[in-house]
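J.: I have a structure I would like to understand better, so I am pasting it below and will then ask my questions one at a time.
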Amino acid sequence: MTASPAADPAALAPARPRPRRAAVAVAALAALAVVAAGCGVEAGDTAAPGALRTDEGIVGSDVEETTTTEATTTTLPEIDLAIEGDDGSELNQVIANAIDDLEGFWADAYPEAYDDAYEPLSGGLFAIDSGTDPRGVPCAGRDITELLDNAFYCPQDDAVVWDQEYFMPDLADRYGAFTAAVVVAHEWGHVIQGRSGFDGPSVIVELQADCFAGAWTAHELDGADARFDVGTDDLDQALAGVLSLRDAPGGSASDPLAHGSGFDRVGAFQDGFEDGVERCAEFTNGDPTPFQWEFSGEELVTGGDLPLSTSEPEDDILDFTFPVLDAYWTDTFPQLSGGDDWDPLGDPVAFGPDDRPECGGSPVEGYVLFVCVPDRYVGFDLEDTFAQLYDQNGDFGVAALIATQYGLDVVDQLGSADDEVAATLQGDCFAGSFAGAILPDENGESPYDLVLSPGDLDEAVSALLTFRSADDRERQGPGFDRARAFRAGVLQGPDACTDL
């Protein structure tokens, strides 16, 4: 994120004291979890709607290793499928099962989407490693290393190739074996494009393949003839795997090799999962609109990240985020409430484990990020939790989670949710609407004191997937749903959030 040159900070929000910071040593957290508590807290209660809390079992990670649970493996019956170079690994059996299932899925889905019969893959399957002779591999040059750390469809030979030594095992280790199957489903999306004659810019070609992979994944979750038994853990991990394969921030959607930002790729996958193959077949140049833009000169130096905390006022992400959220909700809340003003939150409180704030007259124990409804403030552990969050997910990972707490306060004031899951999703959606309001315009500016940098939306999705535990999934729903809610807020604005 960067400070927007379009706005005078003093003109948008009143000056406020810097958050109180606890000068204490904080032990490393074992885990982080996002907690939401329905429709508010009565005076005297210590729980608060929406919070990060300590728990057991590390889940924190960076965007390249984002996960919500430990990676899982998938045990499936052996499939006698001809794979050139197969090393006999269990993971190749998972991939074989995926391919067998994909052929059956597309035999049914292709005629419905394209009014034509599906033609099975004719050029074969190839598992390669550093010892593979490239002369027998489709689309290969003279050096096999040029094809490693990848999976791809070779259209001239109508063949699918994957690296069985590095790329697929690494994905499976980090995100579970089913994620390797999702990558194959993406490559099968390119198989479908070869048959349908789809033509478009690289980024739309890749996003449509992600969409097709999402449609197949939905079949695996619900289909009576599905080969995989897919649970919400597998789905969250697959989404994290898709996020990890994003383009580097600062790239252009017009690049001839563009694959999409993490926000784009997750969104396309979710489009297919929710709306099926027919929606994917509708993709065209400009639909969906990629959220990729280049760094400005200043952002090239900083990587688009403001510091987490500095000694200078209005110089770091915390000093900007809270006043901008205040200004945004002061402007936005009346349109949601039918004209009622938003009751603003007070000054945020930074704390450490030996310096716990109170909420409703009692100490807040265990939580590292929360909104205290009765006392009207957001509390957060700066020394450890936010430092870790910033290091792993960047400045907008921090700002997005703060925005979810404001979103939960808005839910409480509107009285728009009947249970904890609904409150969480609405709060995440409202955080997305805030992100949408500070997207850069054609001049690289926003109407508020902050403007998003390339990669910031990816950071937000990563934070929503990363900083939570299995306990939160029981109470709040899967990370998949939270990322989808955030995206709805970005794309559709705050009016879409109360319907979640």
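Please note that chains go A, B, ... in the order of the structure tokens, that every chain numbers its residues from 1, and that ligands are numbered from 1 in the order shown.
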Neighbours of Glu187 (chain A) within 12 Å (only C-alpha atoms; same-chain residues fewer than 4 positions away dropped), as a PyMOL selection string?
T.: chain A and resi 95+98-99+102+121+125+150-155+158-162+180-183+191-194+205-213+216
J.: Enumerate as a list in words all residues of region 139-175 of chain A assigned to strand (DSSP E or B) by DSSP on the backbone, naming them with the chain letters and numbers the document uses.
T.: Ala151, Phe152, Tyr153, Cys154, Ala159, Val160, Val161, Trp162 and Asp163 of chain A
J.: Can those selected residues be exported to a file as an mmCIF file, in the first residue's frame so that it contains C-alpha atoms?
T.:
data_model
loop_
_atom_site.group_PDB
_atom_site.id
_atom_site.type_symbol
_atom_site.label_atom_id
_atom_site.label_comp_id
_atom_site.auth_asym_id
_atom_site.auth_seq_id
_atom_site.Cartn_x
_atom_site.Cartn_y
_atom_site.Cartn_z
ATOM 1 C CA ALA A 151 3.133 -28.947 -15.582
ATOM 2 C CA PHE A 152 1.810 -28.152 -19.039
ATOM 3 C CA TYR A 153 -0.358 -29.124 -21.985
ATOM 4 C CA CYS A 154 1.398 -29.500 -25.339
ATOM 5 C CA ALA A 159 -0.300 -34.379 -24.525
ATOM 6 C CA VAL A 160 -0.010 -33.481 -20.831
ATOM 7 C CA VAL A 161 3.370 -33.345 -19.095
ATOM 8 C CA TRP A 162 4.315 -32.844 -15.451
ATOM 9 C CA ASP A 163 7.454 -32.783 -13.325
#
J.: CA of Pro120 (chain A) to CA of Gly88 (chain A): how many Å, to one decimal?
T.: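 Going from CA of Pro120 (chain A) over to CA of Gly88 (chain A), I get 23.6 Å.
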J.: Tell me, as a PyMOL selection string, which residues lie within 12 Å of Thr145 (chain A), counting only C-alpha atoms; anything in the same chain fewer than 5 positions away does not count.
T.: chain A and resi 128-134+140+150+163+165-166
J.: Write the residues of the preceding selection, restricted to N, CA, C and O atoms, as a compact mmCIF listing (two decimals), in the first residue's frame.
T.:
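Okay, out_15.txt is ready:
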# COMPACT_ATOMS: atom_id res chain seq x y z
N ILE A 128 7.99 -36.47 -16.01
CA ILE A 128 9.41 -36.25 -16.30
C ILE A 128 10.17 -35.93 -15.02
O ILE A 128 9.60 -35.55 -14.00
N ASP A 129 11.50 -36.10 -15.10
CA ASP A 129 12.40 -35.72 -14.03
C ASP A 129 13.73 -35.33 -14.66
O ASP A 129 13.87 -35.30 -15.89
N SER A 130 14.72 -35.06 -13.83
CA SER A 130 16.00 -34.56 -14.35
C SER A 130 16.73 -35.59 -15.19
O SER A 130 17.64 -35.23 -15.94
N GLY A 131 16.35 -36.86 -15.10
CA GLY A 131 17.00 -37.90 -15.89
C GLY A 131 16.27 -38.25 -17.17
O GLY A 131 16.71 -39.13 -17.91
N THR A 132 15.17 -37.58 -17.48
CA THR A 132 14.37 -37.89 -18.66
C THR A 132 15.07 -37.41 -19.93
O THR A 132 15.61 -36.30 -19.98
N ASP A 133 15.06 -38.26 -20.95
CA ASP A 133 15.58 -37.87 -22.26
C ASP A 133 14.57 -36.95 -22.93
O ASP A 133 13.44 -37.37 -23.22
N PRO A 134 14.92 -35.71 -23.20
CA PRO A 134 13.94 -34.76 -23.75
C PRO A 134 13.46 -35.14 -25.16
O PRO A 134 12.43 -34.65 -25.60
N ALA A 140 9.36 -30.50 -26.00
CA ALA A 140 10.66 -30.37 -25.36
C ALA A 140 11.70 -29.88 -26.34
O ALA A 140 11.63 -30.14 -27.55
N ASN A 150 7.31 -27.66 -13.41
CA ASN A 150 6.19 -27.19 -14.20
C ASN A 150 5.26 -28.36 -14.50
O ASN A 150 5.59 -29.53 -14.31
N ASP A 163 6.21 -32.50 -14.02
CA ASP A 163 7.45 -32.78 -13.32
C ASP A 163 7.13 -33.61 -12.08
O ASP A 163 6.52 -33.11 -11.13
N GLU A 165 9.45 -34.95 -10.18
CA GLU A 165 10.60 -34.91 -9.26
C GLU A 165 10.53 -33.73 -8.31
O GLU A 165 10.85 -33.87 -7.12
N TYR A 166 10.14 -32.56 -8.81
CA TYR A 166 10.15 -31.35 -8.01
C TYR A 166 8.76 -30.74 -7.85
O TYR A 166 8.25 -30.62 -6.75
J.: Any idea what's packed within 8 Å of region 331-346 of chain A, counting only C-alpha atoms, ignoring anything in its chain fewer than 2 positions away? Could you give it as an NGL selection string?
T.: :A and (326-329 or 348 or 376-378 or 410 or 413-414 or 494-495)
J.: Of the candidates A:Glu278, A:Ile317, A:Glu420, A:Asp354, which shows the shortest atom-to-atom distance to Gly397 (chain A), using only C-alpha atoms?
T.: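 Going through A:Glu278, A:Ile317, A:Glu420, A:Asp354 one by one, the smallest distance to Gly397 (chain A) is for A:Ile317.
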J.: Quick one: residues within 12 Å of Pro111 (chain A), only C-alpha atoms counted, chain neighbours fewer than 5 positions away excluded, as an mmCIF file with C-alpha atoms, in the first residue's frame?
T.:
data_model
loop_
_atom_site.group_PDB
_atom_site.id
_atom_site.type_symbol
_atom_site.label_atom_id
_atom_site.label_comp_id
_atom_site.auth_asym_id
_atom_site.auth_seq_id
_atom_site.Cartn_x
_atom_site.Cartn_y
_atom_site.Cartn_z
ATOM 1 C CA PHE A 105 -16.234 -35.484 -16.219
ATOM 2 C CA TRP A 106 -15.534 -33.803 -19.544
ATOM 3 C CA ASP A 116 -20.263 -31.138 -29.301
ATOM 4 C CA ALA A 117 -18.783 -34.481 -28.299
ATOM 5 C CA TYR A 118 -15.661 -34.544 -26.149
ATOM 6 C CA GLU A 119 -12.556 -36.039 -27.759
ATOM 7 C CA ILE A 192 -10.595 -28.247 -23.415
ATOM 8 C CA ARG A 195 -10.921 -28.627 -28.539
ATOM 9 C CA SER A 196 -13.176 -25.588 -28.260
ATOM 10 C CA VAL A 277 -18.387 -25.080 -16.749
ATOM 11 C CA GLU A 278 -20.956 -22.876 -18.477
ATOM 12 C CA ALA A 281 -17.022 -21.067 -21.260
#
J.: Quick one: residues within 12 Å of Thr217 (chain A), only C-alpha atoms, excluding same-chain residues fewer than 4 positions away - as a compact mmCIF listing (two decimals) with N, CA, C and O atoms, in the first residue's frame?
T.:
# COMPACT_ATOMS: atom_id res chain seq x y z
N ALA A 98 -6.99 -38.67 -11.00
CA ALA A 98 -7.56 -37.39 -11.43
C ALA A 98 -7.81 -37.39 -12.93
O ALA A 98 -8.87 -36.96 -13.41
N ASP A 101 -10.74 -39.51 -13.88
CA ASP A 101 -11.98 -38.83 -13.50
C ASP A 101 -12.25 -37.63 -14.41
O ASP A 101 -13.40 -37.37 -14.79
N LEU A 102 -11.20 -36.91 -14.77
CA LEU A 102 -11.36 -35.75 -15.65
C LEU A 102 -11.91 -36.15 -17.02
O LEU A 102 -12.77 -35.47 -17.58
N PHE A 105 -15.54 -36.75 -16.48
CA PHE A 105 -16.23 -35.48 -16.22
C PHE A 105 -16.46 -34.72 -17.51
O PHE A 105 -17.56 -34.23 -17.79
N PHE A 178 -4.35 -33.65 -3.09
CA PHE A 178 -5.44 -33.25 -3.96
C PHE A 178 -5.08 -31.99 -4.76
O PHE A 178 -5.59 -31.79 -5.87
N THR A 179 -4.21 -31.15 -4.22
CA THR A 179 -3.80 -29.95 -4.95
C THR A 179 -3.06 -30.31 -6.23
O THR A 179 -3.19 -29.62 -7.24
N ALA A 180 -2.30 -31.40 -6.21
CA ALA A 180 -1.67 -31.87 -7.45
C ALA A 180 -2.74 -32.26 -8.46
O ALA A 180 -2.59 -32.00 -9.67
N ALA A 181 -3.82 -32.86 -7.99
CA ALA A 181 -4.93 -33.20 -8.89
C ALA A 181 -5.56 -31.94 -9.47
O ALA A 181 -5.96 -31.91 -10.65
N VAL A 182 -5.67 -30.88 -8.68
CA VAL A 182 -6.24 -29.62 -9.16
C VAL A 182 -5.35 -29.01 -10.24
O VAL A 182 -5.85 -28.45 -11.23
N VAL A 183 -4.03 -29.12 -10.08
CA VAL A 183 -3.13 -28.61 -11.11
C VAL A 183 -3.34 -29.37 -12.42
O VAL A 183 -3.36 -28.78 -13.51
N VAL A 184 -3.52 -30.68 -12.34
CA VAL A 184 -3.82 -31.46 -13.55
C VAL A 184 -5.15 -31.02 -14.15
O VAL A 184 -5.29 -30.92 -15.37
N ALA A 185 -6.13 -30.72 -13.29
CA ALA A 185 -7.42 -30.24 -13.78
C ALA A 185 -7.27 -28.90 -14.51
O ALA A 185 -7.97 -28.64 -15.49
N HIS A 186 -6.35 -28.06 -14.04
CA HIS A 186 -6.06 -26.82 -14.75
C HIS A 186 -5.48 -27.12 -16.13
O HIS A 186 -5.88 -26.51 -17.13
N ASP A 210 -8.19 -22.12 -14.84
CA ASP A 210 -8.45 -22.16 -13.39
C ASP A 210 -9.94 -22.37 -13.13
O ASP A 210 -10.33 -23.10 -12.21
N CYS A 211 -10.77 -21.70 -13.90
CA CYS A 211 -12.21 -21.82 -13.74
C CYS A 211 -12.66 -23.26 -14.01
O CYS A 211 -13.45 -23.84 -13.25
N PHE A 212 -12.16 -23.86 -15.08
CA PHE A 212 -12.49 -25.25 -15.38
C PHE A 212 -12.05 -26.18 -14.24
O PHE A 212 -12.75 -27.13 -13.89
N ALA A 213 -10.88 -25.89 -13.66
CA ALA A 213 -10.41 -26.69 -12.53
C ALA A 213 -11.35 -26.56 -11.34
O ALA A 213 -11.62 -27.53 -10.62
N LEU A 221 -16.48 -32.69 -5.07
CA LEU A 221 -17.07 -32.47 -3.75
C LEU A 221 -18.47 -33.06 -3.66
O LEU A 221 -18.87 -33.59 -2.62
N ASP A 222 -19.22 -32.99 -4.76
CA ASP A 222 -20.64 -33.35 -4.72
C ASP A 222 -21.05 -34.47 -5.66
O ASP A 222 -22.14 -35.03 -5.51
N GLY A 223 -20.23 -34.80 -6.65
CA GLY A 223 -20.66 -35.75 -7.67
C GLY A 223 -20.76 -37.18 -7.15
O GLY A 223 -19.87 -37.65 -6.44
N ALA A 226 -17.79 -39.21 -8.40
CA ALA A 226 -16.47 -38.61 -8.19
C ALA A 226 -15.51 -39.64 -7.61
O ALA A 226 -15.89 -40.48 -6.78
N ARG A 227 -14.28 -39.58 -8.04
CA ARG A 227 -13.27 -40.53 -7.56
C ARG A 227 -12.64 -40.08 -6.25
O ARG A 227 -12.20 -40.91 -5.44
N PHE A 228 -12.60 -38.77 -6.00
CA PHE A 228 -11.97 -38.25 -4.80
C PHE A 228 -13.02 -37.93 -3.75
O PHE A 228 -14.11 -37.45 -4.07
N ASP A 229 -12.68 -38.18 -2.50
CA ASP A 229 -13.51 -37.78 -1.37
C ASP A 229 -12.95 -36.46 -0.84
O ASP A 229 -12.05 -36.44 -0.01
N VAL A 230 -13.48 -35.35 -1.34
CA VAL A 230 -12.93 -34.03 -1.06
C VAL A 230 -13.67 -33.38 0.09
O VAL A 230 -14.90 -33.26 0.06
N GLY A 231 -12.94 -32.96 1.11
CA GLY A 231 -13.52 -32.22 2.22
C GLY A 231 -13.13 -30.75 2.16
O GLY A 231 -12.38 -30.32 1.27
N THR A 232 -13.61 -29.98 3.10
CA THR A 232 -13.31 -28.55 3.10
C THR A 232 -11.83 -28.28 3.38
O THR A 232 -11.30 -27.26 2.93
N ASP A 234 -9.34 -30.08 2.15
CA ASP A 234 -8.72 -30.22 0.84
C ASP A 234 -9.01 -29.00 -0.03
O ASP A 234 -8.14 -28.53 -0.77
N LEU A 235 -10.22 -28.49 0.07
CA LEU A 235 -10.62 -27.34 -0.73
C LEU A 235 -9.83 -26.10 -0.34
O LEU A 235 -9.34 -25.35 -1.20
N ASP A 236 -9.68 -25.87 0.95
CA ASP A 236 -8.91 -24.71 1.40
C ASP A 236 -7.44 -24.82 0.97
O ASP A 236 -6.82 -23.84 0.55
N ALA A 238 -6.26 -26.53 -1.60
CA ALA A 238 -6.19 -26.35 -3.05
C ALA A 238 -6.24 -24.87 -3.41
O ALA A 238 -5.51 -24.40 -4.30
N LEU A 239 -7.08 -24.12 -2.71
CA LEU A 239 -7.17 -22.68 -2.97
C LEU A 239 -5.85 -22.00 -2.63
O LEU A 239 -5.39 -21.11 -3.36
N PHE A 269 -11.07 -19.68 -10.11
CA PHE A 269 -11.33 -21.02 -9.57
C PHE A 269 -12.69 -21.05 -8.86
O PHE A 269 -13.49 -21.98 -9.05
N GLN A 270 -12.97 -20.03 -8.06
CA GLN A 270 -14.23 -19.99 -7.34
C GLN A 270 -15.41 -19.77 -8.28
O GLN A 270 -16.50 -20.30 -8.03
N ASP A 271 -15.21 -19.03 -9.38
CA ASP A 271 -16.28 -18.89 -10.37
C ASP A 271 -16.69 -20.25 -10.92
O ASP A 271 -17.88 -20.56 -11.04
N GLY A 272 -15.70 -21.06 -11.27
CA GLY A 272 -16.02 -22.39 -11.79
C GLY A 272 -16.65 -23.28 -10.74
O GLY A 272 -17.58 -24.03 -11.03
N PHE A 273 -16.14 -23.17 -9.52
CA PHE A 273 -16.69 -24.00 -8.44
C PHE A 273 -18.15 -23.65 -8.18
O PHE A 273 -18.98 -24.53 -7.96
N GLU A 274 -18.46 -22.37 -8.20
CA GLU A 274 -19.81 -21.92 -7.87
C GLU A 274 -20.78 -22.04 -9.05
O GLU A 274 -21.92 -22.44 -8.89
N ASP A 275 -20.32 -21.69 -10.25
CA ASP A 275 -21.23 -21.52 -11.39
C ASP A 275 -21.03 -22.53 -12.50
O ASP A 275 -21.78 -22.52 -13.48
N GLY A 276 -20.01 -23.38 -12.39
CA GLY A 276 -19.87 -24.48 -13.32
C GLY A 276 -19.19 -24.13 -14.63
O GLY A 276 -18.79 -23.00 -14.90
N VAL A 277 -19.09 -25.17 -15.47
CA VAL A 277 -18.39 -25.08 -16.75
C VAL A 277 -18.99 -24.01 -17.65
O VAL A 277 -18.28 -23.33 -18.40
J.: Residues near region 290-297 of chain A, anyone? I mean within 7 Å using only C-alpha atoms, not counting same-chain ones fewer than 6 positions away, as a list in words.
T.: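 Here the qualifying residues turn out to be Gly250, Gly251, Ser252, Ala253, Gly260, Ser261, Asp264, Ser453 and Pro454 of chain A.
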J.: Can I get the selected residues back with N, CA and C atoms, as a tab-separated table (two decimals), in the first residue's frame?
T.:
chain	number	residue	atom	x	y	z
A	250	GLY	N	3.17	-6.60	-9.56
A	250	GLY	CA	3.78	-5.59	-10.40
A	250	GLY	C	3.80	-5.95	-11.86
A	251	GLY	N	3.40	-7.19	-12.19
A	251	GLY	CA	3.31	-7.57	-13.59
A	251	GLY	C	2.05	-7.01	-14.24
A	252	SER	N	2.03	-7.03	-15.55
A	252	SER	CA	0.90	-6.49	-16.29
A	252	SER	C	0.03	-7.62	-16.82
A	253	ALA	N	-1.27	-7.41	-16.80
A	253	ALA	CA	-2.20	-8.40	-17.35
A	253	ALA	C	-2.03	-8.54	-18.85
A	260	GLY	N	-2.13	-14.32	-14.19
A	260	GLY	CA	-3.08	-13.72	-13.27
A	260	GLY	C	-2.51	-13.52	-11.89
A	261	SER	N	-3.00	-12.51	-11.20
A	261	SER	CA	-2.64	-12.31	-9.79
A	261	SER	C	-3.26	-13.42	-8.96
A	264	ASP	N	-6.91	-12.86	-8.84
A	264	ASP	CA	-7.54	-13.27	-10.09
A	264	ASP	C	-7.72	-14.78	-10.15
A	453	SER	N	-1.51	-1.21	-3.59
A	453	SER	CA	-0.38	-1.47	-4.47
A	453	SER	C	-0.57	-2.83	-5.14
A	454	PRO	N	0.18	-3.12	-6.21
A	454	PRO	CA	0.12	-4.45	-6.79
A	454	PRO	C	0.40	-5.52	-5.74
J.: Return the single residue from A:Gly141, A:Gly379, A:Pro169, A:Gly304 that is closest to Val451 (chain A), with distances computed using only C-alpha atoms.
T.: A:Gly304
J.: CA of Gly123 (chain A) and CA of Glu84 (chain A), how far apart in Å?
T.: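 Here the two named atoms are 11.0 Å from each other.
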J.: Expressed in Å to a single decimal, how great is the separation between CA of Phe126 (chain A) and CA of Phe198 (chain A)?
T.: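 If I compute the distance from CA of Phe126 (chain A) to CA of Phe198 (chain A), I get 24.1 Å.
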